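*Asks:* Starting off with a structure, shown below.
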There are 2 protein chains.
Amino acid sequence: MKNPPSLDQLIAALKVLPGVGPKSAQRMAFHLLQRDKGGAQRLARALDAALGQVIHCERCNTFSETPLCNVCADPGRRQDLLCVVEMPADLLMLEQAKCYDGLYFVLMGRVSPMEGIGPRDVNLDKLMVRALDGVVAEVVIATNFTAEGEVTAHMVGELLKERGLTVTRIARGMPVGGELEFIDPGTLAQAVFERRRLA
Amino acid sequence: MKNPPSLDQLIAALKVLPGVGPKSAQRMAFHLLQRDKGGAQRLARALDAALGQVIHCERCNTFSETPLCNVCADPGRRQDLLCVVEMPADLLMLEQAKCYDGLYFVLMGRVSPMEGIGPRDVNLDKLMVRALDGVVAEVVIATNFTAEGEVTAHMVGELLKERGLTVTRIARGMPVGGELEFIDPGTLAQAVFERRRLA
Ligand SMILES: [Zn+2]
Ligand SMILES: [Zn+2]
């Protein structure tokens with residue numbers, strides 16, 4: 001006695017989702033078939049639609065349904081500032097923060113020697129071409145402050161400095177509203193080390 | 001600046017999966033579009049295939065691609081023993097434990113007043129018809145030993161005893177709070193062997 005083949009295939013297919021193992025794939029398949037066939041149908045259609053329509057913006061590499069994404073197509077943005085982020089979610093966060101009016105480049109990942117993700121896998125070639133267009137003057141690196149994000153920042157920074165560009169890194173320090181008592185020691189040490197003179 | 005519509009729709013569609021919130025839905029969508037388009041395609045096809053092919057066994061209510069599942073279609077099984085389980089995964093576990101040669105009924109859930117899941121939602125009507133076919137002499141209740149599983153066992157037991165059937169419960173060799181899906185086959189086999197008649 002086994003599951004019917006199409007059910008086993010669905011369970012196997014669900015395991016492509018990050019963080020989904022055999023047990024939760026089975027739970028998901030049962031849930032969809034038993035309680036939410038409409039949801040399963042919408043998911044299948046959404047996968048097809050996204051696969052058919054989502055491409056990468058020619059300039060910034062983020063997800064887009066048009067050759068140029070909204071940000072890149074906006075003539076009001078500063079053309080001499082280029083911010084490098086790991087993922088589209090990071091770009092969205094920066095836009096939400098309304099703190100930046102330049103353009104972006106989305107690596108779609110970060111360099112991770114541990115996981116075998118090298119510079120080729122994070123579009124560094126495409127970034128070089130983009131950053132060296134003669135208009136960009138400063139590249140702001142806004143990769144995450146994780147081990148991989150820092151390795152990526154270092155690698156990107158070295159490559160761009162070699163070519164004569166100004167390269168900056170968004171600041172590390174205390175979060176707004178953060179309390180010393182509850183911050184991790186590493187962040188606190190960094191905040192002290194990178195202290196700035198009050199004007 | 002937002003995600004392209006088809007990407008947002010995929011993220012929304014992924015949230016139908018149990019245990020998947022907005023953040024992990026976004027991570028899943030990015031992963032599929034960026035690193036595993038083949039997997040996304042297979043998932044869409046597997047959803048369609050399962051939706052098109054998986055039905056419920058006419059006799060035992062488990063998932064099946066044929067009107068009768070393999071167990072129900074097997075003339076070698078004891079026809080006078082009917083084991084009631086919550087989910088197809090529980091049936092598979094019992095088969096793996098090789099401790100039982102009767103037939104099954106799969107509720108496809110359990111009664112849960114807390115979640116508003118009543119007797120109608122777990123196919124008790126269908127179970128009554130099945131159990132009262134005149135051939136079944138003993139119903140072995142093998143719902144989980146969780147609060148909901150026990151409520152379900154009690155409800156099923158009362159209904160069947162009223163109709164004059166012998167009703168047994170697999171033994172509490174199961175750890176309290178344990179779920180069939182996660183138990184080792186030896187313990188499960190013991191619990192079936194020690195099943196006791198409900199007073
Ligand atoms: Zn763009
Ligand atoms: Zn069956």
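Each chain in the structure tokens gets a letter, A, B, ..., in the order shown, and its residues are numbered from 1; ligands are numbered from 1 in order too.
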If chain A is superposed onto chain B by least squares using every Cα atom in order, what is the RMSD, in Å to one decimal?
*Replies:*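 For chain B versus chain A, the C-alpha RMSD is 5.7 Å.
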*Asks:* With only C-alpha atoms considered, list every residue of chain A at most 8 Å from chain B, as number ranges by chain.
*Replies:* A: 1-4, 6-7, 9-10, 13-14, 16-18, 27-28, 31-34, 36-37, 39-51, 53-54, 63-65, 70-71, 92, 95, 108
*Asks:* From a DSSP calculation on the backbone, collect every residue of region 5-186 of chain B in strand (DSSP E) and output the set as an MDAnalysis selection string.
*Replies:* chainID B and resid 55:56 63:64 81:85 103:106 138:141 166:169
*Asks:* Just N, CA and C atoms for this one: save the residues we selected as a short mmCIF file (atom, residue, chain, number, x, y, z; two decimals), in the first residue's frame.
*Replies:*
data_model
loop_
_atom_site.label_atom_id
_atom_site.label_comp_id
_atom_site.auth_asym_id
_atom_site.auth_seq_id
_atom_site.Cartn_x
_atom_site.Cartn_y
_atom_site.Cartn_z
N ILE B 55 -8.81 10.86 -6.31
CA ILE B 55 -10.18 10.83 -5.80
C ILE B 55 -10.16 10.10 -4.45
N HIS B 56 -11.34 9.93 -3.87
CA HIS B 56 -11.42 9.18 -2.61
C HIS B 56 -11.93 7.77 -2.89
N PHE B 63 -7.17 8.56 -0.16
CA PHE B 63 -6.80 9.04 -1.49
C PHE B 63 -6.52 7.86 -2.39
N SER B 64 -6.96 7.96 -3.63
CA SER B 64 -6.81 6.85 -4.57
C SER B 64 -6.95 7.40 -5.99
N LEU B 81 -13.20 -6.74 9.99
CA LEU B 81 -12.46 -5.80 10.84
C LEU B 81 -12.33 -4.47 10.10
N LEU B 82 -12.72 -3.39 10.76
CA LEU B 82 -12.62 -2.08 10.13
C LEU B 82 -11.85 -1.14 11.07
N CYS B 83 -10.75 -0.61 10.57
CA CYS B 83 -9.92 0.27 11.39
C CYS B 83 -10.14 1.72 10.96
N VAL B 84 -10.49 2.58 11.92
CA VAL B 84 -10.77 3.99 11.63
C VAL B 84 -9.54 4.83 11.95
N VAL B 85 -9.02 5.54 10.93
CA VAL B 85 -7.87 6.43 11.15
C VAL B 85 -8.22 7.84 10.70
N LEU B 103 -9.70 -4.13 7.04
CA LEU B 103 -9.88 -2.98 6.15
C LEU B 103 -9.85 -1.68 6.95
N TYR B 104 -9.94 -0.56 6.25
CA TYR B 104 -9.81 0.75 6.89
C TYR B 104 -10.99 1.66 6.58
N PHE B 105 -11.13 2.68 7.41
CA PHE B 105 -11.90 3.86 7.01
C PHE B 105 -11.09 5.09 7.41
N VAL B 106 -10.90 5.98 6.43
CA VAL B 106 -10.09 7.18 6.67
C VAL B 106 -11.02 8.39 6.80
N GLU B 138 -16.20 -5.79 14.02
CA GLU B 138 -15.43 -5.03 14.99
C GLU B 138 -14.83 -3.80 14.32
N VAL B 139 -14.99 -2.66 14.98
CA VAL B 139 -14.36 -1.43 14.50
C VAL B 139 -13.23 -1.06 15.45
N VAL B 140 -12.01 -0.98 14.90
CA VAL B 140 -10.82 -0.64 15.67
C VAL B 140 -10.54 0.85 15.49
N ILE B 141 -10.66 1.61 16.54
CA ILE B 141 -10.44 3.05 16.40
C ILE B 141 -8.96 3.37 16.62
N THR B 166 -19.06 -4.13 17.91
CA THR B 166 -17.96 -4.17 18.85
C THR B 166 -16.96 -3.08 18.46
N VAL B 167 -16.65 -2.22 19.42
CA VAL B 167 -15.73 -1.11 19.13
C VAL B 167 -14.51 -1.23 20.02
N THR B 168 -13.33 -1.23 19.42
CA THR B 168 -12.10 -1.28 20.20
C THR B 168 -11.25 -0.06 19.90
N ARG B 169 -10.31 0.19 20.80
CA ARG B 169 -9.40 1.33 20.63
C ARG B 169 -8.00 0.77 20.68
#
*Asks:* Find the distance between CA of Ala147 (chain A) and CA of Pro113 (chain A) and write it in Å to one decimal.
*Replies:*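 Here the two named atoms are 10.5 Å from each other.
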*Asks:* At what distance in Å, to one decimal, does CA of Asp74 (chain B) lie from CA of Arg110 (chain B)?
*Replies:* 26.6 Å
*Asks:* Check the smallest atom-to-atom distance from each of B:Leu159, B:Leu127, B:Ile183, B:Leu165 to Cys60 (chain B) using only C-alpha atoms, then report the winner.
*Replies:*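 Closest to Cys60 (chain B), using only C-alpha atoms: B:Leu127.
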*Asks:* Among region 54-91 of chain B, which residues does DSSP mark as helix (DSSP H, G or I) when it is run on the backbone? Keep the chain and numbering as in the structure and answer as a list of chain:residue names.
*Replies:*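 Helix (DSSP H, G or I) members of region 54-91 of chain B, listed: B:Pro88, B:Ala89, B:Asp90, B:Leu91.
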*Asks:* For those residues, write N, CA, C and O atoms to a file as a compact mmCIF listing (two decimals), in the first residue's frame.
*Replies:*
# COMPACT_ATOMS: atom_id res chain seq x y z
N PRO B 88 -4.70 9.49 5.53
CA PRO B 88 -4.04 8.44 4.73
C PRO B 88 -2.64 8.10 5.25
O PRO B 88 -2.22 6.95 5.18
N ALA B 89 -1.94 9.07 5.79
CA ALA B 89 -0.60 8.80 6.32
C ALA B 89 -0.66 7.78 7.46
O ALA B 89 0.25 6.97 7.63
N ASP B 90 -1.75 7.82 8.23
CA ASP B 90 -1.90 6.88 9.35
C ASP B 90 -2.14 5.47 8.82
O ASP B 90 -1.58 4.49 9.33
N LEU B 91 -2.94 5.37 7.77
CA LEU B 91 -3.17 4.08 7.10
C LEU B 91 -1.84 3.51 6.61
O LEU B 91 -1.52 2.34 6.84
